[in-house]
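Colleague: So here's target36.txt, just compact mmCIF, C-alpha atoms:
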# COMPACT_ATOMS: atom_id res chain seq x y z
CA MET D 279 73.59 283.64 322.06
CA HIS D 280 77.09 282.29 321.53
CA HIS D 281 77.95 279.52 323.97
CA PHE D 282 81.04 281.42 325.19
CA VAL D 283 78.70 284.19 326.37
CA LEU D 284 76.34 281.70 328.01
CA ALA D 285 79.33 280.01 329.63
CA ALA D 286 80.50 283.32 331.12
CA ILE D 287 76.96 284.15 332.31
CA GLY D 288 76.57 280.67 333.83
CA GLY D 289 79.98 280.95 335.49
CA GLY D 290 78.98 284.38 336.79
CA LEU D 291 75.84 282.85 338.34
CA VAL D 292 78.00 280.23 340.06
CA GLY D 293 80.02 283.17 341.40
CA VAL D 294 76.82 284.88 342.60
CA ALA D 295 75.87 281.65 344.42
CA ALA D 296 79.33 281.48 346.02
CA VAL D 297 79.14 285.12 347.15
CA MET D 298 75.60 284.60 348.53
CA MET D 299 76.79 281.59 350.52
CA MET D 300 79.66 283.60 352.01
CA ALA D 301 77.67 286.80 352.67
CA LEU D 302 74.69 285.03 354.21
CA ASN D 303 76.05 281.87 355.84
CA GLY D 304 79.81 282.52 355.92
CA ARG D 305 80.55 279.31 354.04
CA ILE D 306 82.59 278.25 351.04
CA ALA D 307 80.24 277.00 348.29
CA GLY D 308 82.20 273.80 347.71
CA VAL D 309 79.87 271.12 346.38
CA SER D 310 81.95 268.06 347.38
CA GLY D 311 82.50 269.23 350.96
CA ILE D 312 78.88 270.27 351.45
CA LEU D 313 77.59 267.01 349.93
CA SER D 314 79.93 264.93 352.12
CA GLY D 315 78.70 266.79 355.20
CA VAL D 316 75.08 265.82 354.47
CA PHE D 317 76.10 262.29 355.50
CA THR D 318 78.95 262.89 357.92
CA GLN D 319 78.20 266.03 359.94
CA GLY D 320 76.16 266.35 363.13
CA ALA D 321 72.41 266.99 363.11
CA GLY D 322 72.58 270.80 363.16
CA GLU D 323 74.91 270.91 360.15
CA ARG D 324 72.96 268.59 357.88
CA LEU D 325 69.81 270.41 356.82
CA TRP D 326 71.40 273.50 355.23
CA ARG D 327 73.75 271.23 353.33
CA LEU D 328 70.89 269.07 352.08
CA LEU D 329 68.97 272.19 350.98
CA PHE D 330 72.01 273.51 349.08
CA VAL D 331 72.36 270.16 347.29
CA LEU D 332 68.61 270.03 346.52
CA GLY D 333 68.88 273.61 345.29
CA ILE D 334 71.53 272.58 342.74
CA VAL D 335 69.31 269.73 341.52
CA LEU D 336 66.30 272.06 341.25
CA GLY D 337 68.33 274.88 339.70
CA GLY D 338 69.75 272.55 337.08
CA ALA D 339 66.23 271.49 336.12
CA LEU D 340 65.00 275.07 335.50
CA PRO D 341 66.84 276.35 332.37
CA PRO D 342 65.79 273.36 330.20
CA LEU D 343 62.16 274.16 331.05
CA LEU D 344 62.59 277.55 329.37
CA ASN D 345 64.74 276.40 326.47
CA ALA D 346 65.40 272.78 325.54
CA ASP D 347 68.91 273.73 324.36
CA PHE D 348 69.93 274.02 328.03
CA LYS D 349 69.31 270.32 328.58
CA ALA D 350 72.70 268.63 328.31
CA PRO D 351 72.94 265.59 326.04
CA VAL D 352 73.32 262.13 327.56
CA PRO D 353 76.87 261.50 328.89
CA GLY D 354 79.03 259.38 326.60
CA ALA D 355 80.32 257.19 329.43
CA SER D 356 78.82 253.74 330.00
CA VAL D 357 77.13 253.07 333.34
CA LEU D 358 80.17 251.06 334.45
CA LEU D 359 82.57 253.86 333.54
CA ALA D 360 80.25 256.34 335.28
CA VAL D 361 80.44 254.27 338.48
CA ILE D 362 84.25 254.10 338.30
CA GLY D 363 84.47 257.81 337.54
CA GLY D 364 82.00 258.61 340.33
CA LEU D 365 84.05 256.68 342.87
CA LEU D 366 87.24 258.45 341.76
CA VAL D 367 85.59 261.89 341.82
CA GLY D 368 84.04 261.28 345.25
CA PHE D 369 87.12 259.73 346.83
CA GLY D 370 89.48 262.23 345.21
CA THR D 371 87.51 265.33 346.21
CA GLY D 372 87.03 263.92 349.71
CA LEU D 373 90.74 263.21 350.14
CA GLY D 374 91.79 266.44 348.41
CA SER D 375 89.30 268.60 350.38
CA GLY D 376 87.50 270.06 347.39
CA CYS D 377 86.41 270.07 343.78
CA THR D 378 86.03 272.52 340.91
CA SER D 379 83.79 274.83 342.95
CA GLY D 380 85.53 274.71 346.34
CA HIS D 381 89.11 274.84 345.08
CA GLY D 382 88.68 276.09 341.50
CA ILE D 383 86.33 279.00 342.20
CA CYS D 384 86.10 279.79 345.93
CA GLY D 385 89.68 278.83 346.81
CA ILE D 386 91.36 280.61 343.93
CA ALA D 387 89.17 283.68 344.59
CA ARG D 388 90.75 283.72 348.09
CA LEU D 389 94.21 283.13 346.55
CA SER D 390 94.56 279.96 348.63
CA LYS D 391 97.83 278.24 347.77
CA ARG D 392 96.30 274.79 348.44
CA SER D 393 93.40 275.51 346.07
CA ILE D 394 95.64 276.84 343.30
CA ILE D 395 97.85 273.72 343.51
CA ALA D 396 94.81 271.41 343.71
CA THR D 397 93.17 273.06 340.68
CA LEU D 398 96.34 272.83 338.58
CA THR D 399 96.68 269.18 339.64
CA PHE D 400 93.14 268.06 338.78
CA MET D 401 93.20 270.02 335.53
CA ALA D 402 96.46 268.32 334.53
CA ALA D 403 95.15 264.87 335.55
CA GLY D 404 91.95 265.51 333.59
CA ILE D 405 93.87 266.60 330.48
CA VAL D 406 96.13 263.52 330.63
CA THR D 407 93.10 261.25 331.16
CA VAL D 408 91.07 262.64 328.25
CA THR D 409 94.13 262.59 325.99
CA LEU D 410 94.78 258.91 326.79
CA LEU D 411 91.05 258.06 326.60
CA ARG D 412 90.73 259.57 323.13
CA LEU D 413 94.00 258.01 321.92
CA THR D 414 92.84 254.55 323.01
CA THR D 415 89.21 254.78 321.94
CA GLY D 416 89.89 256.89 318.86
CA GLY D 417 86.93 259.08 319.85
CA MET L 200 65.40 279.76 358.98
CA GLY L 201 67.36 282.43 357.11
CA LYS L 202 70.37 280.16 357.01
CA LEU L 203 68.34 277.33 355.47
CA LEU L 204 66.64 279.52 352.87
CA ALA L 205 70.00 281.10 352.00
CA ALA L 206 71.51 277.66 351.39
CA LEU L 207 68.56 276.64 349.20
CA ALA L 208 68.64 279.92 347.23
CA SER L 209 72.40 279.71 346.73
CA GLY L 210 72.04 276.13 345.53
CA ILE L 211 69.32 277.08 343.04
CA VAL L 212 71.41 279.92 341.58
CA PHE L 213 74.39 277.55 341.44
CA GLY L 214 72.36 274.90 339.60
CA ILE L 215 70.95 277.41 337.10
CA GLY L 216 74.50 278.58 336.45
CA MET L 217 75.63 275.00 335.82
CA ALA L 218 72.89 274.37 333.25
CA VAL L 219 73.27 277.75 331.51
CA SER L 220 77.06 277.48 331.32
CA GLY L 221 77.07 274.13 329.53
CA MET L 222 79.07 272.40 332.27
CA THR L 223 76.30 269.81 332.59
CA SER L 224 77.41 268.56 329.16
CA THR L 225 80.06 265.91 329.80
CA LYS L 226 81.16 266.14 326.16
CA ARG L 227 81.85 269.85 326.48
CA VAL L 228 83.88 269.27 329.65
CA GLN L 229 85.89 266.47 328.04
CA ASP L 230 86.43 268.64 324.96
CA PHE L 231 87.86 271.33 327.25
CA LEU L 232 90.25 268.79 328.79
CA ASP L 233 91.20 267.57 325.29
CA LEU L 234 93.92 270.20 325.10
CA PHE L 235 95.96 268.28 322.51
CA GLY L 236 92.93 267.31 320.40
CA ALA L 237 89.73 269.14 319.45
CA TRP L 238 90.07 271.68 322.27
CA ASP L 239 86.88 273.55 323.20
CA PRO L 240 87.71 276.61 325.37
CA THR L 241 84.11 277.09 326.64
CA LEU L 242 84.90 276.00 330.19
CA ALA L 243 87.55 278.68 330.52
CA PHE L 244 84.71 281.20 330.20
CA VAL L 245 82.78 279.46 333.00
CA MET L 246 85.82 279.55 335.26
CA GLY L 247 86.54 283.15 334.23
CA GLY L 248 82.99 284.34 334.94
CA GLY L 249 82.90 282.48 338.25
CA LEU L 250 86.28 283.73 339.40
CA LEU L 251 85.57 287.34 338.42
CA VAL L 252 82.32 287.51 340.41
CA THR L 253 83.63 285.51 343.38
CA THR L 254 86.93 287.39 343.68
CA LEU L 255 85.21 290.79 343.61
CA GLY L 256 82.28 289.62 345.77
CA TYR L 257 84.49 288.09 348.46
CA ARG L 258 86.49 291.33 348.69
CA PHE L 259 83.35 293.21 349.70
CA VAL L 260 81.74 290.47 351.79
CA LEU L 261 84.80 289.58 353.86
CA ARG L 262 85.17 293.21 355.00
CA ASN L 263 82.11 292.67 357.18
CA PRO L 264 82.60 291.39 360.73
CA ALA L 265 80.29 288.40 360.17
CA PRO L 266 77.87 286.89 357.66
CA LEU L 267 74.16 287.69 358.00
CA PHE L 268 72.97 284.32 359.34
CA ALA L 269 76.04 283.01 361.22
CA GLY L 270 78.32 284.23 363.98
CA SER L 271 81.48 284.18 361.89
CA PHE L 272 82.95 283.30 358.51
CA SER L 273 84.06 279.65 358.23
CA LEU L 274 87.17 279.90 356.09
CA PRO L 275 89.74 277.16 355.52
CA THR L 276 92.99 278.08 357.25
CA ARG L 277 95.41 275.38 356.05
CA THR L 278 98.25 276.42 353.77
CA ASP L 279 100.37 273.23 353.63
CA ILE L 280 100.61 271.21 350.43
CA ASP L 281 100.31 267.62 351.64
CA LYS L 282 100.01 264.23 349.98
CA PRO L 283 96.22 263.83 350.45
CA LEU L 284 95.70 267.13 348.60
CA LEU L 285 97.87 266.08 345.66
CA ILE L 286 96.73 262.44 345.50
CA GLY L 287 93.08 263.45 345.97
CA ALA L 288 93.23 266.11 343.26
CA THR L 289 94.92 263.65 340.89
CA LEU L 290 92.29 260.93 341.44
CA PHE L 291 89.54 263.51 341.07
CA GLY L 292 91.06 264.72 337.80
CA ILE L 293 91.20 261.16 336.43
CA GLY L 294 87.52 260.54 337.27
CA TRP L 295 86.59 263.97 335.89
CA GLY L 296 88.34 263.15 332.61
CA LEU L 297 86.87 259.65 332.36
CA VAL L 298 83.25 260.80 332.64
CA GLY L 299 83.25 264.58 332.19
CA TYR L 300 81.46 265.21 335.48
CA CYS L 301 82.63 267.00 338.59
CA PRO L 302 80.24 267.08 341.59
CA GLY L 303 78.22 270.26 340.80
CA PRO L 304 77.30 269.51 337.17
CA ALA L 305 76.40 265.89 338.00
CA LEU L 306 73.89 267.08 340.62
CA ALA L 307 72.58 269.81 338.32
CA GLY L 308 71.96 267.20 335.60
CA LEU L 309 70.24 264.69 337.92
CA THR L 310 66.69 265.45 336.76
CA TYR L 311 67.57 264.82 333.11
CA GLY L 312 67.31 261.18 334.14
CA TYR L 313 70.28 259.80 332.20
CA ALA L 314 71.52 256.36 333.35
CA PRO L 315 75.23 257.35 333.59
CA THR L 316 74.27 260.39 335.72
CA LEU L 317 72.09 258.27 337.99
CA ALA L 318 74.98 255.79 338.37
CA PHE L 319 77.63 258.50 338.88
CA ILE L 320 76.00 260.30 341.82
CA PRO L 321 75.67 257.38 344.30
CA ALA L 322 79.16 256.19 343.35
CA MET L 323 80.48 259.71 344.03
CA ILE L 324 78.77 259.75 347.44
CA ALA L 325 80.26 256.33 348.23
CA GLY L 326 83.69 257.69 347.29
CA LEU L 327 83.20 260.74 349.52
CA LEU L 328 82.18 258.53 352.46
CA LEU L 329 85.18 256.25 351.92
CA ALA L 330 87.53 259.25 351.91
CA HIS L 331 85.84 260.50 355.06
CA ARG L 332 86.39 257.17 356.81
CA ILE L 333 90.06 257.29 355.92
CA THR L 334 90.71 260.92 356.79
CA ALA L 335 88.46 261.46 359.84
CA LYS L 336 90.61 261.55 362.95
CA PRO L 337 89.45 259.37 365.84
CA GLY L 338 87.31 261.51 368.10
CA GLY L 339 88.07 264.55 365.97
CA ALA L 340 86.01 266.70 363.66
CA ALA L 341 84.90 265.45 360.27
CA LEU L 342 86.26 266.62 356.92
CA LYS L 343 86.38 270.35 356.58
CA PRO L 344 84.25 271.58 353.68
CA ALA L 345 86.30 273.26 351.02
Would you mind giving the structure from this file in structure tokens?

Modeller:
Amino acid sequence: MHHFVLAAIGGGLVGVAAVMMMALNGRIAGVSGILSGVFTQGAGERLWRLLFVLGIVLGGALPPLLNADFKAPVPGASVLLAVIGGLLVGFGTGLGSGCTSGHGICGIARLSKRSIIATLTFMAAGIVTVTLLRLTTGG
Amino acid sequence: MGKLLAALASGIVFGIGMAVSGMTSTKRVQDFLDLFGAWDPTLAFVMGGGLLVTTLGYRFVLRNPAPLFAGSFSLPTRTDIDKPLLIGATLFGIGWGLVGYCPGPALAGLTYGYAPTLAFIPAMIAGLLLAHRITAKPGGAALKPA
């Protein structure tokens, strides 16, 4: 199957997960906010968040078991760059109240002005970063 | 119990979607952001598929008085565009570009056991906790999930 088709199917599944989360638990399926809450929310709010996060880890492990092509190749970043990037992604999504799922999918689906602005902003910052990265490393 | 199983099931479907879509590939994500280079439009299809299903699904779901396993829908209500939103989104975009991971795909790729992935996730959690320390109001509620 062409990877555009798989991408649309995978994106559709992310949408199904977001709709399930809203229909069943009344929550936005925003990964950064839910992950943060595992460590920062009160006792009664932690377990469902932890299970959602574990679900993502488990779910990500399943497709490669059926077809090795679904296993992503090793990231190109060094461990040091991964740590720097991880800090920026964590701090940025914490400060900006959301990531690609919370703002980019759930927020835009609700036509939230904050989410539309946030998505345009992180897309633009990502494009500038990759452009500069590839200019400087020649990659 | 329903609430917990629902969260787990939603997470599993989310993770399968991540792996099937190709978003767990940092190269593919960086190629999508490489708009002025060897642009790979794949991620636009992920966003398109996700937005189509979520937009239509929310329209039906939010007509109901309440979700199945909670008393009410917990929806963000803020509409102001403030500095933390813009600065946070910018920093997130820089980190996303540098590595090619946003939070969901990094978690979905955890079991592949790659060193950069294993380094990225704890650093991301540390970043989230730092942001929480800065933004949490004294005596107030913690960061709203979004």

Colleague: Write out as a PyMOL selection string the residues lying within 12 Å of Leu410 in chain D, counting all atoms listed in the file and excluding same-chain residues fewer than 3 positions away.

Modeller: (chain D and resi 403-407+413-417) or (chain L and resi 229+232-236+293+296-297)

Colleague: I'd like the neighbourhood of Ala288 in chain L as a count of residues only, where a residue qualifies if any of its atoms comes within 10 Å (using all atoms listed in the file), though same-chain residues fewer than 2 positions away should be ignored.

Modeller: 34

Colleague: Quick check, in Å to one decimal: how far apart do CA of Phe244 in chain L and CA of Phe259 in chain L lie?

Modeller: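 Interatomic distance here is 22.9 Å.
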
Colleague: So, counting all atoms listed in the file, which residue among L:Thr334, L:Asn263, L:Ser271, L:Ser220 is closest to Gly249 in chain L?

Modeller: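 With all atoms listed in the file as the atom set, the closest residue is L:Ser220.
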
Colleague: My list of candidates is D:Leu365, D:Ala346, D:Ala285, D:Leu329. Which is closest to Ile312 in chain D when distances are computed with all atoms listed in the file?

Modeller: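 Comparing D:Leu365, D:Ala346, D:Ala285, D:Leu329 against Ile312 in chain D, the winner is D:Leu329.
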
Colleague: For CA of Leu340 in chain D and CA of Pro321 in chain L, quote the distance in Å rounded to one decimal.

Modeller: 22.5 Å

Colleague: Might you pull out every residue within 9 Å of Tyr300 in chain L, with only C-alpha atoms counted and same-chain residues fewer than 6 positions away left off, and present them as a PyMOL selection string?

Modeller: (chain D and resi 353+360+363-364+367) or (chain L and resi 222-225+228-229+294+316+319)

Colleague: Neighbouring residues of range 386-389 of chain D were defined as those with any atom within 10 Å, considering all atoms listed in the file; residues of the same chain fewer than 2 positions away were excluded. Please report them as an MDAnalysis selection string.

Modeller: (chainID D and resid 293 379:384 391:397) or (chainID L and resid 249:258 274:275)

Colleague: What does the distance between CA of Arg327 in chain D and CA of Ala301 in chain D come to in Å, to one decimal place?

Modeller: 16.1 Å

Colleague: Counting all atoms listed in the file, figure out which residue out of L:Ala335, L:Ile211, L:Arg277, L:Leu261 gets nearest to chain D.

Modeller: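 So, comparing all the options, the nearest one is L:Ile211.
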
Colleague: Of the candidates L:Ala330, L:Asp281, L:Ile324, L:Thr276, which shows the shortest atom-to-atom distance to Val316 in chain D, using all atoms listed in the file?

Modeller: L:Ile324

Colleague: Go through D:His281, D:Ile362, D:Gly289, D:Gly322 one by one, measure the shortest atom-to-atom distance of each to chain L using only C-alpha atoms, and give the residue with the smallest value.

Modeller: D:Gly289

Colleague: Find the residue from D:Leu358, D:Gly304, D:Gly315, D:Arg324 that sits nearest to chain L; use all atoms listed in the file when measuring.

Modeller: D:Gly304

Colleague: Which centre and which edge lengths, in Å to one decimal, describe the axis-aligned box that holds all listed atoms of range 279-297 of chain L after 4 Å is added on each side, as lines of an AutoDock Vina configuration file?

Modeller:
center_x = 93.6
center_y = 266.4
center_z = 343.0
size_x = 22.0
size_y = 21.6
size_z = 29.3

Colleague: Please, can range 387-399 of chain D be completed to N, CA and C atoms and returned as a CSV table (one decimal), in the frame of the given file?

Modeller:
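Final output, saved to result.csv:
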chain,number,residue,atom,x,y,z
D,387,ALA,N,89.6,282.3,344.3
D,387,ALA,CA,89.2,283.7,344.6
D,387,ALA,C,89.8,284.2,345.9
D,388,ARG,N,90.1,283.3,346.8
D,388,ARG,CA,90.8,283.7,348.1
D,388,ARG,C,92.3,283.7,348.0
D,389,LEU,N,92.8,283.3,346.8
D,389,LEU,CA,94.2,283.1,346.6
D,389,LEU,C,94.8,282.1,347.5
D,390,SER,N,94.1,281.1,347.8
D,390,SER,CA,94.6,280.0,348.6
D,390,SER,C,95.6,279.1,347.9
D,391,LYS,N,96.8,279.0,348.4
D,391,LYS,CA,97.8,278.2,347.8
D,391,LYS,C,97.4,276.8,347.5
D,392,ARG,N,96.8,276.2,348.6
D,392,ARG,CA,96.3,274.8,348.4
D,392,ARG,C,95.3,274.6,347.3
D,393,SER,N,94.4,275.6,347.1
D,393,SER,CA,93.4,275.5,346.1
D,393,SER,C,94.0,275.7,344.7
D,394,ILE,N,95.0,276.6,344.6
D,394,ILE,CA,95.6,276.8,343.3
D,394,ILE,C,96.4,275.6,342.9
D,395,ILE,N,97.1,275.0,343.8
D,395,ILE,CA,97.8,273.7,343.5
D,395,ILE,C,96.9,272.6,343.2
D,396,ALA,N,95.8,272.5,344.0
D,396,ALA,CA,94.8,271.4,343.7
D,396,ALA,C,94.2,271.6,342.3
D,397,THR,N,93.8,272.8,342.0
D,397,THR,CA,93.2,273.1,340.7
D,397,THR,C,94.1,272.7,339.5
D,398,LEU,N,95.4,273.2,339.6
D,398,LEU,CA,96.3,272.8,338.6
D,398,LEU,C,96.5,271.3,338.5
D,399,THR,N,96.5,270.6,339.6
D,399,THR,CA,96.7,269.2,339.6
D,399,THR,C,95.5,268.5,339.0
